[in-house]
>>> print(open('my_file08.pdb').read())   # PDB, C-alpha atoms
MODEL        1
ATOM      1  CA  MET A  13     139.493 122.298  34.366
ATOM      2  CA  SER A  14     138.795 123.645  37.785
ATOM      3  CA  THR A  15     137.100 121.534  40.426
ATOM      4  CA  THR A  16     135.003 122.799  43.228
ATOM      5  CA  ALA A  17     135.408 121.167  46.621
ATOM      6  CA  PRO A  18     132.161 119.885  48.142
ATOM      7  CA  PRO A  19     130.828 122.001  50.930
ATOM      8  CA  ALA A  20     131.859 120.891  54.391
ATOM      9  CA  ALA A  21     129.178 119.309  56.468
ATOM     10  CA  SER A  22     127.773 121.537  59.113
ATOM     11  CA  PRO A  23     128.611 120.640  62.722
ATOM     12  CA  SER A  24     124.953 120.125  63.606
ATOM     13  CA  ARG A  25     124.441 117.727  60.690
ATOM     14  CA  SER A  26     127.539 115.666  61.565
ATOM     15  CA  ARG A  27     126.449 115.238  65.196
ATOM     16  CA  ALA A  28     122.925 114.066  64.359
ATOM     17  CA  PRO A  29     123.711 110.402  63.666
ATOM     18  CA  ALA A  30     125.517 110.031  67.001
ATOM     19  CA  SER A  31     122.893 111.772  69.109
ATOM     20  CA  ALA A  32     119.867 109.980  67.643
ATOM     21  CA  PRO A  33     120.815 106.474  68.873
ATOM     22  CA  ARG A  34     121.624 107.956  72.287
ATOM     23  CA  ARG A  35     118.144 109.453  72.511
ATOM     24  CA  ARG A  36     116.602 106.158  71.414
ATOM     25  CA  ARG A  37     118.536 104.321  74.111
ATOM     26  CA  LYS A  38     117.257 106.748  76.746
ATOM     27  CA  ASP A  39     113.699 106.364  75.483
ATOM     28  CA  ASP A  40     114.051 102.550  75.514
ATOM     29  CA  THR A  41     115.357 102.671  79.080
ATOM     30  CA  LYS A  42     112.363 104.715  80.245
ATOM     31  CA  LEU A  43     109.977 102.380  78.433
ATOM     32  CA  ALA A  44     111.669  99.332  79.955
ATOM     33  CA  LEU A  45     111.372 100.835  83.460
ATOM     34  CA  VAL A  46     107.664 101.415  82.884
ATOM     35  CA  PHE A  47     107.145  97.772  81.851
ATOM     36  CA  ILE A  48     109.087  96.261  84.760
ATOM     37  CA  ALA A  49     107.628  98.626  87.378
ATOM     38  CA  PRO A  50     104.514  96.472  88.160
ATOM     39  CA  ALA A  51     106.602  93.320  88.533
ATOM     40  CA  SER A  52     109.163  95.177  90.650
ATOM     41  CA  VAL A  53     106.457  96.511  92.962
ATOM     42  CA  GLY A  54     104.995  93.015  93.293
ATOM     43  CA  LEU A  55     108.442  91.591  94.033
ATOM     44  CA  LEU A  56     109.070  94.171  96.758
ATOM     45  CA  VAL A  57     105.619  93.908  98.339
ATOM     46  CA  PHE A  58     105.076  90.139  98.179
ATOM     47  CA  LEU A  59     108.632  88.768  98.421
ATOM     48  CA  VAL A  60     111.275  91.165  99.723
ATOM     49  CA  TRP A  61     109.147  92.839 102.409
ATOM     50  CA  PRO A  62     107.721  89.558 103.838
ATOM     51  CA  LEU A  63     111.229  88.076 103.787
ATOM     52  CA  LEU A  64     112.703  90.970 105.772
ATOM     53  CA  THR A  65     109.717  91.060 108.128
ATOM     54  CA  GLY A  66     109.912  87.322 108.771
ATOM     55  CA  LEU A  67     113.644  87.603 109.423
ATOM     56  CA  TYR A  68     112.971  90.326 112.005
ATOM     57  CA  TYR A  69     110.154  88.365 113.668
ATOM     58  CA  SER A  70     112.443  85.324 113.981
ATOM     59  CA  PHE A  71     114.390  87.278 116.616
ATOM     60  CA  THR A  72     111.271  88.221 118.557
ATOM     61  CA  GLU A  73     108.485  86.734 120.627
ATOM     62  CA  TYR A  74     105.334  87.655 118.729
ATOM     63  CA  THR A  75     101.784  86.371 119.177
ATOM     64  CA  THR A  76      99.831  89.168 117.333
ATOM     65  CA  LEU A  77      98.127  90.042 120.647
ATOM     66  CA  THR A  78     101.161  91.904 121.964
ATOM     67  CA  PRO A  79     103.866  93.907 120.203
ATOM     68  CA  PRO A  80     106.957  91.934 119.138
ATOM     69  CA  GLN A  81     109.523  91.619 121.941
ATOM     70  CA  TRP A  82     113.174  91.190 120.985
ATOM     71  CA  VAL A  83     114.575  87.874 122.301
ATOM     72  CA  GLY A  84     117.701  87.578 120.158
ATOM     73  CA  LEU A  85     118.700  84.002 119.308
ATOM     74  CA  GLU A  86     116.274  82.398 121.737
ATOM     75  CA  ASN A  87     114.014  81.047 118.977
ATOM     76  CA  TYR A  88     116.978  79.500 117.167
ATOM     77  CA  SER A  89     118.265  77.957 120.390
ATOM     78  CA  ARG A  90     114.828  76.450 120.948
ATOM     79  CA  LEU A  91     114.774  75.200 117.365
ATOM     80  CA  LEU A  92     118.041  73.288 117.754
ATOM     81  CA  SER A  93     116.697  71.431 120.803
ATOM     82  CA  ASP A  94     113.188  70.855 119.413
ATOM     83  CA  PRO A  95     112.635  67.130 118.692
ATOM     84  CA  ILE A  96     109.517  67.870 116.623
ATOM     85  CA  PHE A  97     111.544  70.105 114.322
ATOM     86  CA  TRP A  98     114.135  67.387 113.726
ATOM     87  CA  ASN A  99     111.417  64.796 113.167
ATOM     88  CA  SER A 100     109.706  67.136 110.687
ATOM     89  CA  LEU A 101     113.009  67.657 108.892
ATOM     90  CA  LYS A 102     113.549  63.886 108.700
ATOM     91  CA  VAL A 103     110.014  63.350 107.378
ATOM     92  CA  THR A 104     110.496  66.113 104.800
ATOM     93  CA  VAL A 105     113.819  64.694 103.604
ATOM     94  CA  LEU A 106     112.220  61.244 103.227
ATOM     95  CA  TYR A 107     109.376  62.756 101.215
ATOM     96  CA  VAL A 108     111.798  64.717  99.000
ATOM     97  CA  ALA A 109     113.944  61.631  98.359
ATOM     98  CA  ILE A 110     110.960  59.517  97.264
ATOM     99  CA  ASN A 111     109.307  62.306  95.284
ATOM    100  CA  ILE A 112     112.435  63.424  93.441
ATOM    101  CA  GLY A 113     113.756  59.920  92.805
ATOM    102  CA  VAL A 114     110.540  58.510  91.344
ATOM    103  CA  GLN A 115     109.456  61.706  89.580
ATOM    104  CA  THR A 116     112.801  62.275  87.840
ATOM    105  CA  VAL A 117     113.107  58.708  86.587
ATOM    106  CA  VAL A 118     109.497  58.514  85.355
ATOM    107  CA  ALA A 119     109.650  61.983  83.756
ATOM    108  CA  LEU A 120     112.932  61.182  82.008
ATOM    109  CA  VAL A 121     111.502  57.958  80.593
ATOM    110  CA  ILE A 122     108.393  59.797  79.357
ATOM    111  CA  ALA A 123     110.514  62.564  77.790
ATOM    112  CA  VAL A 124     112.759  60.074  75.958
ATOM    113  CA  LEU A 125     109.739  58.122  74.708
ATOM    114  CA  MET A 126     108.099  61.304  73.439
ATOM    115  CA  GLN A 127     111.268  62.228  71.577
ATOM    116  CA  ARG A 128     111.900  58.786  70.130
ATOM    117  CA  LEU A 129     108.388  57.550  69.347
ATOM    118  CA  THR A 130     106.115  60.512  68.710
ATOM    119  CA  GLN A 131     105.956  64.255  68.177
ATOM    120  CA  SER A 132     102.200  64.428  68.778
ATOM    121  CA  THR A 133     101.002  67.656  70.366
ATOM    122  CA  VAL A 134      97.907  65.851  71.649
ATOM    123  CA  LEU A 135     100.076  63.370  73.541
ATOM    124  CA  ARG A 136     102.109  66.180  75.112
ATOM    125  CA  SER A 137      98.860  67.804  76.238
ATOM    126  CA  LEU A 138      97.691  64.555  77.824
ATOM    127  CA  VAL A 139     101.011  64.190  79.635
ATOM    128  CA  LEU A 140     100.640  67.710  81.031
ATOM    129  CA  ALA A 141      96.974  67.250  82.035
ATOM    130  CA  PRO A 142      97.580  66.136  85.678
ATOM    131  CA  TYR A 143      99.612  69.302  86.286
ATOM    132  CA  LEU A 144      96.517  71.383  85.544
ATOM    133  CA  VAL A 145      94.752  69.801  88.529
ATOM    134  CA  SER A 146      95.301  71.684  91.776
ATOM    135  CA  ASN A 147      97.079  69.986  94.677
ATOM    136  CA  VAL A 148      93.938  70.178  96.810
ATOM    137  CA  VAL A 149      91.747  68.502  94.189
ATOM    138  CA  ALA A 150      94.369  65.807  93.540
ATOM    139  CA  ALA A 151      94.660  65.154  97.280
ATOM    140  CA  ILE A 152      90.883  64.825  97.701
ATOM    141  CA  VAL A 153      90.606  62.434  94.734
ATOM    142  CA  PHE A 154      93.412  60.183  95.966
ATOM    143  CA  LEU A 155      92.083  60.377  99.536
ATOM    144  CA  TRP A 156      88.974  58.652  98.210
ATOM    145  CA  ILE A 157      90.744  56.258  95.814
ATOM    146  CA  LEU A 158      93.123  55.009  98.532
ATOM    147  CA  ASP A 159      90.614  54.938 101.400
ATOM    148  CA  THR A 160      90.935  51.768 103.465
ATOM    149  CA  GLN A 161      87.228  50.883 103.454
ATOM    150  CA  LEU A 162      85.689  52.521 100.375
ATOM    151  CA  GLY A 163      88.680  53.237  98.176
ATOM    152  CA  VAL A 164      88.618  51.822  94.656
ATOM    153  CA  PHE A 165      92.228  50.684  94.878
ATOM    154  CA  ASN A 166      91.712  48.721  98.110
ATOM    155  CA  ILE A 167      88.536  47.159  96.715
ATOM    156  CA  PHE A 168      90.607  46.014  93.756
ATOM    157  CA  LEU A 169      93.279  44.594  96.102
ATOM    158  CA  GLN A 170      90.632  42.599  97.978
ATOM    159  CA  TRP A 171      89.167  41.374  94.689
ATOM    160  CA  ILE A 172      92.521  39.876  93.640
ATOM    161  CA  GLY A 173      93.083  38.331  97.077
ATOM    162  CA  PHE A 174      95.171  40.875  99.015
ATOM    163  CA  ASP A 175      94.400  42.598 102.304
ATOM    164  CA  PRO A 176      93.532  46.312 102.182
ATOM    165  CA  ILE A 177      96.345  48.762 102.931
ATOM    166  CA  SER A 178      95.928  51.743 105.249
ATOM    167  CA  PHE A 179      97.708  54.198 102.982
ATOM    168  CA  TRP A 180      96.757  57.296 105.013
ATOM    169  CA  ALA A 181      96.756  55.775 108.506
ATOM    170  CA  SER A 182      99.990  53.766 108.406
ATOM    171  CA  GLU A 183     103.263  55.331 109.587
ATOM    172  CA  THR A 184     105.060  53.211 106.996
ATOM    173  CA  TRP A 185     102.859  54.034 104.001
ATOM    174  CA  VAL A 186     101.777  57.642 104.582
ATOM    175  CA  ILE A 187     104.860  59.504 103.284
ATOM    176  CA  PRO A 188     105.324  57.264 100.198
ATOM    177  CA  THR A 189     101.614  57.756  99.463
ATOM    178  CA  VAL A 190     101.832  61.559  99.722
ATOM    179  CA  ALA A 191     104.960  61.490  97.562
ATOM    180  CA  LEU A 192     103.377  59.348  94.838
ATOM    181  CA  VAL A 193     100.292  61.597  94.707
ATOM    182  CA  ASN A 194     102.562  64.536  93.958
ATOM    183  CA  VAL A 195     104.599  62.462  91.500
ATOM    184  CA  TRP A 196     101.394  61.792  89.553
ATOM    185  CA  ARG A 197     100.589  65.501  89.434
ATOM    186  CA  HIS A 198     104.031  66.893  88.552
ATOM    187  CA  MET A 199     105.683  64.237  86.405
ATOM    188  CA  GLY A 200     104.103  65.531  83.165
ATOM    189  CA  TYR A 201     105.407  69.053  83.694
ATOM    190  CA  THR A 202     108.869  67.731  84.565
ATOM    191  CA  ALA A 203     108.790  65.472  81.499
ATOM    192  CA  LEU A 204     108.040  68.425  79.213
ATOM    193  CA  LEU A 205     110.962  70.387  80.682
ATOM    194  CA  LEU A 206     113.272  67.452  80.037
ATOM    195  CA  PHE A 207     111.739  66.970  76.572
ATOM    196  CA  ALA A 208     112.642  70.586  75.752
ATOM    197  CA  GLY A 209     116.195  69.822  76.841
ATOM    198  CA  LEU A 210     116.306  66.740  74.638
ATOM    199  CA  GLN A 211     115.212  68.832  71.661
ATOM    200  CA  SER A 212     118.333  70.987  72.075
ATOM    201  CA  ILE A 213     120.686  68.008  71.550
ATOM    202  CA  PRO A 214     121.835  67.942  67.890
ATOM    203  CA  ALA A 215     120.610  64.856  66.015
ATOM    204  CA  ILE A 216     124.027  64.462  64.371
ATOM    205  CA  TYR A 217     125.401  62.889  67.551
ATOM    206  CA  TYR A 218     122.799  60.125  67.453
ATOM    207  CA  GLU A 219     123.339  59.570  63.741
ATOM    208  CA  ALA A 220     127.081  59.207  64.277
ATOM    209  CA  ALA A 221     126.501  56.776  67.149
ATOM    210  CA  ARG A 222     124.150  54.636  65.051
ATOM    211  CA  THR A 223     126.783  54.553  62.316
ATOM    212  CA  GLU A 224     129.201  53.126  64.867
ATOM    213  CA  GLY A 225     126.622  50.499  65.851
ATOM    214  CA  ALA A 226     125.559  51.937  69.225
ATOM    215  CA  GLY A 227     122.214  50.837  70.639
ATOM    216  CA  GLU A 228     119.534  52.927  72.351
ATOM    217  CA  ILE A 229     120.831  52.219  75.862
ATOM    218  CA  ALA A 230     124.405  53.093  74.922
ATOM    219  CA  MET A 231     123.296  56.336  73.236
ATOM    220  CA  PHE A 232     121.201  57.250  76.257
ATOM    221  CA  ARG A 233     124.117  56.664  78.625
ATOM    222  CA  ARG A 234     126.889  58.221  76.519
ATOM    223  CA  ILE A 235     125.043  61.010  74.664
ATOM    224  CA  THR A 236     121.666  61.862  76.194
ATOM    225  CA  LEU A 237     122.575  61.992  79.880
ATOM    226  CA  PRO A 238     125.845  63.973  79.518
ATOM    227  CA  LEU A 239     124.340  66.545  77.133
ATOM    228  CA  LEU A 240     121.124  66.802  79.150
ATOM    229  CA  ARG A 241     123.013  67.457  82.407
ATOM    230  CA  PRO A 242     122.492  71.269  82.621
ATOM    231  CA  ILE A 243     118.719  70.987  82.029
ATOM    232  CA  LEU A 244     118.471  67.981  84.355
ATOM    233  CA  ALA A 245     120.350  69.873  87.079
ATOM    234  CA  LEU A 246     118.012  72.867  86.716
ATOM    235  CA  VAL A 247     114.949  70.621  86.873
ATOM    236  CA  LEU A 248     116.282  68.888  89.996
ATOM    237  CA  ILE A 249     116.935  72.211  91.718
ATOM    238  CA  MET A 250     113.399  73.416  90.935
ATOM    239  CA  THR A 251     111.732  70.175  92.017
ATOM    240  CA  ILE A 252     113.742  69.882  95.229
ATOM    241  CA  ILE A 253     112.824  73.436  96.245
ATOM    242  CA  GLY A 254     109.170  72.717  95.460
ATOM    243  CA  SER A 255     109.247  69.393  97.304
ATOM    244  CA  PHE A 256     110.596  70.954 100.503
ATOM    245  CA  GLN A 257     107.583  73.283 100.464
ATOM    246  CA  VAL A 258     104.944  70.531 100.362
ATOM    247  CA  PHE A 259     101.934  71.480 102.469
ATOM    248  CA  ASP A 260      98.493  71.312 100.842
ATOM    249  CA  THR A 261      98.530  67.570 100.111
ATOM    250  CA  VAL A 262      99.418  66.794 103.729
ATOM    251  CA  SER A 263      96.949  69.364 105.075
ATOM    252  CA  VAL A 264      94.042  67.881 103.114
ATOM    253  CA  THR A 265      94.797  64.203 103.704
ATOM    254  CA  THR A 266      96.547  63.536 107.028
ATOM    255  CA  GLN A 267      96.997  66.819 108.928
ATOM    256  CA  GLY A 268     100.487  65.567 109.830
ATOM    257  CA  GLY A 269      99.376  62.210 111.248
ATOM    258  CA  PRO A 270      99.463  59.467 112.178
ATOM    259  CA  ALA A 271     101.702  60.229 115.186
ATOM    260  CA  ASP A 272     103.529  63.023 113.304
ATOM    261  CA  ALA A 273     104.598  60.531 110.628
ATOM    262  CA  SER A 274     103.652  62.990 107.887
ATOM    263  CA  LYS A 275     104.287  66.258 109.712
ATOM    264  CA  VAL A 276     106.534  67.958 107.170
ATOM    265  CA  LEU A 277     108.315  71.237 107.933
ATOM    266  CA  GLN A 278     105.689  73.406 106.265
ATOM    267  CA  MET A 279     102.974  71.733 108.334
ATOM    268  CA  TYR A 280     104.921  72.337 111.550
ATOM    269  CA  ILE A 281     105.473  75.990 110.604
ATOM    270  CA  TYR A 282     101.757  76.395 109.900
ATOM    271  CA  GLU A 283     100.786  74.855 113.260
ATOM    272  CA  ASN A 284     103.116  77.141 115.202
ATOM    273  CA  ALA A 285     101.944  80.235 113.360
ATOM    274  CA  PHE A 286      98.179  79.756 112.972
ATOM    275  CA  ALA A 287      97.279  77.163 115.621
ATOM    276  CA  GLN A 288      99.551  78.218 118.505
ATOM    277  CA  TYR A 289     100.060  81.852 117.365
ATOM    278  CA  GLN A 290     103.812  81.661 117.965
ATOM    279  CA  PHE A 291     104.728  83.779 114.963
ATOM    280  CA  GLY A 292     108.242  84.466 116.220
ATOM    281  CA  TYR A 293     109.134  80.780 116.467
ATOM    282  CA  ALA A 294     107.344  80.018 113.189
ATOM    283  CA  SER A 295     109.443  82.720 111.518
ATOM    284  CA  ALA A 296     112.602  81.126 112.903
ATOM    285  CA  LEU A 297     111.502  77.776 111.452
ATOM    286  CA  SER A 298     110.875  79.466 108.100
ATOM    287  CA  VAL A 299     114.340  81.044 108.117
ATOM    288  CA  ALA A 300     115.848  77.645 108.930
ATOM    289  CA  LEU A 301     114.007  76.146 105.948
ATOM    290  CA  LEU A 302     115.272  78.987 103.740
ATOM    291  CA  VAL A 303     118.873  78.348 104.835
ATOM    292  CA  ILE A 304     118.497  74.598 104.199
ATOM    293  CA  LEU A 305     117.167  75.248 100.683
ATOM    294  CA  MET A 306     119.953  77.724  99.916
ATOM    295  CA  VAL A 307     122.649  75.270 101.020
ATOM    296  CA  ILE A 308     121.111  72.413  99.035
ATOM    297  CA  THR A 309     120.651  74.594  95.934
ATOM    298  CA  PHE A 310     124.201  75.949  95.872
ATOM    299  CA  ALA A 311     125.693  72.522  96.636
ATOM    300  CA  GLN A 312     123.655  70.871  93.898
ATOM    301  CA  TYR A 313     124.456  73.636  91.404
ATOM    302  CA  TRP A 314     128.181  73.271  92.110
ATOM    303  CA  LEU A 315     128.286  69.461  92.151
ATOM    304  CA  SER A 316     126.232  69.091  88.968
ATOM    305  CA  ARG A 317     128.116  71.864  87.115
ATOM    306  CA  ALA A 318     124.747  73.198  86.023
ATOM    307  CA  GLY A 319     126.269  76.288  84.455
ATOM    308  CA  GLN A 320     128.415  74.280  82.044
ATOM    309  CA  SER A 321     127.380  72.355  78.954
ATOM    310  CA  ASP A 322     129.131  69.518  77.187
ATOM    311  CA  LEU A 323     127.892  70.989  73.900
ATOM    312  CA  ASP A 324     130.418  73.841  74.170
TER
ENDMDL
END
>>> encode(input="my_file08.pdb", output="structure tokens")
Amino acid sequence: MSTTAPPAASPSRSRAPASAPRRRRKDDTKLALVFIAPASVGLLVFLVWPLLTGLYYSFTEYTTLTPPQWVGLENYSRLLSDPIFWNSLKVTVLYVAINIGVQTVVALVIAVLMQRLTQSTVLRSLVLAPYLVSNVVAAIVFLWILDTQLGVFNIFLQWIGFDPISFWASETWVIPTVALVNVWRHMGYTALLLFAGLQSIPAIYYEAARTEGAGEIAMFRRITLPLLRPILALVLIMTIIGSFQVFDTVSVTTQGGPADASKVLQMYIYENAFAQYQFGYASALSVALLVILMVITFAQYWLSRAGQSDLD
């Protein structure tokens, strides 16, 4: 019996399967470029260009009334010998320490309670509600609540037998007050971020620990904190960067007073730029703040080993 060999595939037919995916990849690349183009333009116009322009202005004397004049490192030399800058940096660091310390602890407690006690979506929404209030509105509300004469909180203190506290006019109380206002607004958002991190921890670890007789505190210390470390490090980096940029709460409530006790770096930059029109020096202050944030971010990322997970 004779057999007939099947006809050989034509060259064009054999190349079709290889060329089709290549064309699809090219089409996908063009489509992806179209989708990211608006965001890329926004990034260049509203982030990269202002950053480069501010860096250039930091080496100039610029008041908007005259063209920028190159002065080299003069603004940075002035910055290093400026006592108001160092006081503003000290005030900002104090604010960040109080804000981050209290906010992280409270948010972590809320996140653990939400994981352990309830999975209610309504409760999560209520926790997030303060974050939906703008900083300006929150500042105005607390400015009234904590007012020395008419504030509800001070009226309550007098009713129970205490003297009223000058929250906004006391050099001792003003920064803790500003910090706690922002803790109230942001702790729900931070708690939900940490709650998402807790959801990624396998339940089998807790079940094994309970089998061994471990209590809630022991499981939190030996399981939750180590496995939550990457998310916690990321949250701390985000909140520290945001805390160093505090401005609107101070602007609405104290304007940097009393006696510069609440003059944070952003407030000092704003005054130099839009009150004294020293845009060159204000740009140098902004660059200094950027460098401080970069150093803190990289140091925190390295020390906390944020890129590593104990789940691996």
>>> axis_aligned_box(input="my_file08.pdb", around="segment 294-303 of chain A", padding_each_side="6 Å", output="lines of an AutoDock Vina configuration file")
center_x = 113.1
center_y = 79.4
center_z = 108.5
size_x = 23.5
size_y = 18.6
size_z = 21.4
>>> closest_residue(input="my_file08.pdb", among="A:Leu239, A:Val190, A:Leu162, A:Ile308", to="Tyr218 of chain A", atoms="all atoms listed in the file")
A:Leu239
>>> closest_atom_pairs(input="my_file08.pdb", of="segment 185-261 of chain A", to="segment 137-154 of chain A", cutoff="6 Å", atoms="only C-alpha atoms", output="JSON lines")
{"residue": "A:Arg197", "atom": "CA", "partner": "A:Pro142", "partner_atom": "CA", "distance": 4.9}
{"residue": "A:His198", "atom": "CA", "partner": "A:Tyr143", "partner_atom": "CA", "distance": 5.5}
{"residue": "A:Gly200", "atom": "CA", "partner": "A:Leu140", "partner_atom": "CA", "distance": 4.6}
{"residue": "A:Tyr201", "atom": "CA", "partner": "A:Leu140", "partner_atom": "CA", "distance": 5.6}
{"residue": "A:Thr261", "atom": "CA", "partner": "A:Ala151", "partner_atom": "CA", "distance": 5.4}
>>> resolve_selection(input="my_file08.pdb", expression="the PyMOL selection byres ((chain A and resi 106) around 12)", output="VMD selection string")
chain A and resid 99 to 105 107 to 113 184 to 191 252 255 to 256 273 to 277
>>> write_last_selection(input="my_file08.pdb", atoms="C-alpha atoms", output="PDB file, in the frame of the given file")
ATOM      1  CA  ASN A  99     111.417  64.796 113.167  1.00  0.00           C
ATOM      2  CA  SER A 100     109.706  67.136 110.687  1.00  0.00           C
ATOM      3  CA  LEU A 101     113.009  67.657 108.892  1.00  0.00           C
ATOM      4  CA  LYS A 102     113.549  63.886 108.700  1.00  0.00           C
ATOM      5  CA  VAL A 103     110.014  63.350 107.378  1.00  0.00           C
ATOM      6  CA  THR A 104     110.496  66.113 104.800  1.00  0.00           C
ATOM      7  CA  VAL A 105     113.819  64.694 103.604  1.00  0.00           C
ATOM      8  CA  TYR A 107     109.376  62.756 101.215  1.00  0.00           C
ATOM      9  CA  VAL A 108     111.798  64.717  99.000  1.00  0.00           C
ATOM     10  CA  ALA A 109     113.944  61.631  98.359  1.00  0.00           C
ATOM     11  CA  ILE A 110     110.960  59.517  97.264  1.00  0.00           C
ATOM     12  CA  ASN A 111     109.307  62.306  95.284  1.00  0.00           C
ATOM     13  CA  ILE A 112     112.435  63.424  93.441  1.00  0.00           C
ATOM     14  CA  GLY A 113     113.756  59.920  92.805  1.00  0.00           C
ATOM     15  CA  THR A 184     105.060  53.211 106.996  1.00  0.00           C
ATOM     16  CA  TRP A 185     102.859  54.034 104.001  1.00  0.00           C
ATOM     17  CA  VAL A 186     101.777  57.642 104.582  1.00  0.00           C
ATOM     18  CA  ILE A 187     104.860  59.504 103.284  1.00  0.00           C
ATOM     19  CA  PRO A 188     105.324  57.264 100.198  1.00  0.00           C
ATOM     20  CA  THR A 189     101.614  57.756  99.463  1.00  0.00           C
ATOM     21  CA  VAL A 190     101.832  61.559  99.722  1.00  0.00           C
ATOM     22  CA  ALA A 191     104.960  61.490  97.562  1.00  0.00           C
ATOM     23  CA  ILE A 252     113.742  69.882  95.229  1.00  0.00           C
ATOM     24  CA  SER A 255     109.247  69.393  97.304  1.00  0.00           C
ATOM     25  CA  PHE A 256     110.596  70.954 100.503  1.00  0.00           C
ATOM     26  CA  ALA A 273     104.598  60.531 110.628  1.00  0.00           C
ATOM     27  CA  SER A 274     103.652  62.990 107.887  1.00  0.00           C
ATOM     28  CA  LYS A 275     104.287  66.258 109.712  1.00  0.00           C
ATOM     29  CA  VAL A 276     106.534  67.958 107.170  1.00  0.00           C
ATOM     30  CA  LEU A 277     108.315  71.237 107.933  1.00  0.00           C
TER      31      LEU A 277
END
>>> residues_around(input="my_file08.pdb", residues="segment 128-134 of chain A", least_positions_apart="6", cutoff="12 Å", atoms="only C-alpha atoms", output="list in words")
Val121, Ile122, Leu140, Ala141, Leu204, Phe207, Ala208, Leu210, Gln211, Ala215, Tyr218, Glu228, Phe232 and Thr236 of chain A
>>> resolve_selection(input="my_file08.pdb", expression="the PyMOL selection byres ((chain A and resi 209) around 12)", output="list in words")
Leu120, Ala123, Val124, Gln127, Thr202, Ala203, Leu204, Leu205, Leu206, Phe207, Ala208, Leu210, Gln211, Ser212, Ile213, Pro214, Thr236, Leu237, Pro238, Leu239, Leu240, Arg241, Pro242, Ile243, Leu244, Ala245, Leu246, Val247 and Ser321 of chain A
>>> atom_distance(input="my_file08.pdb", atom1="atom CA of Pro95 of chain A", atom2="atom CA of Leu63 of chain A")
25.7 Å
>>> closest_residue(input="my_file08.pdb", among="A:Thr265, A:Gln81, A:Arg234, A:Leu248", to="Gln312 of chain A", atoms="only C-alpha atoms")
A:Leu248
>>> atom_distance(input="my_file08.pdb", atom1="atom CA of Leu315 of chain A", atom2="atom CA of Ile249 of chain A")
11.7 Å
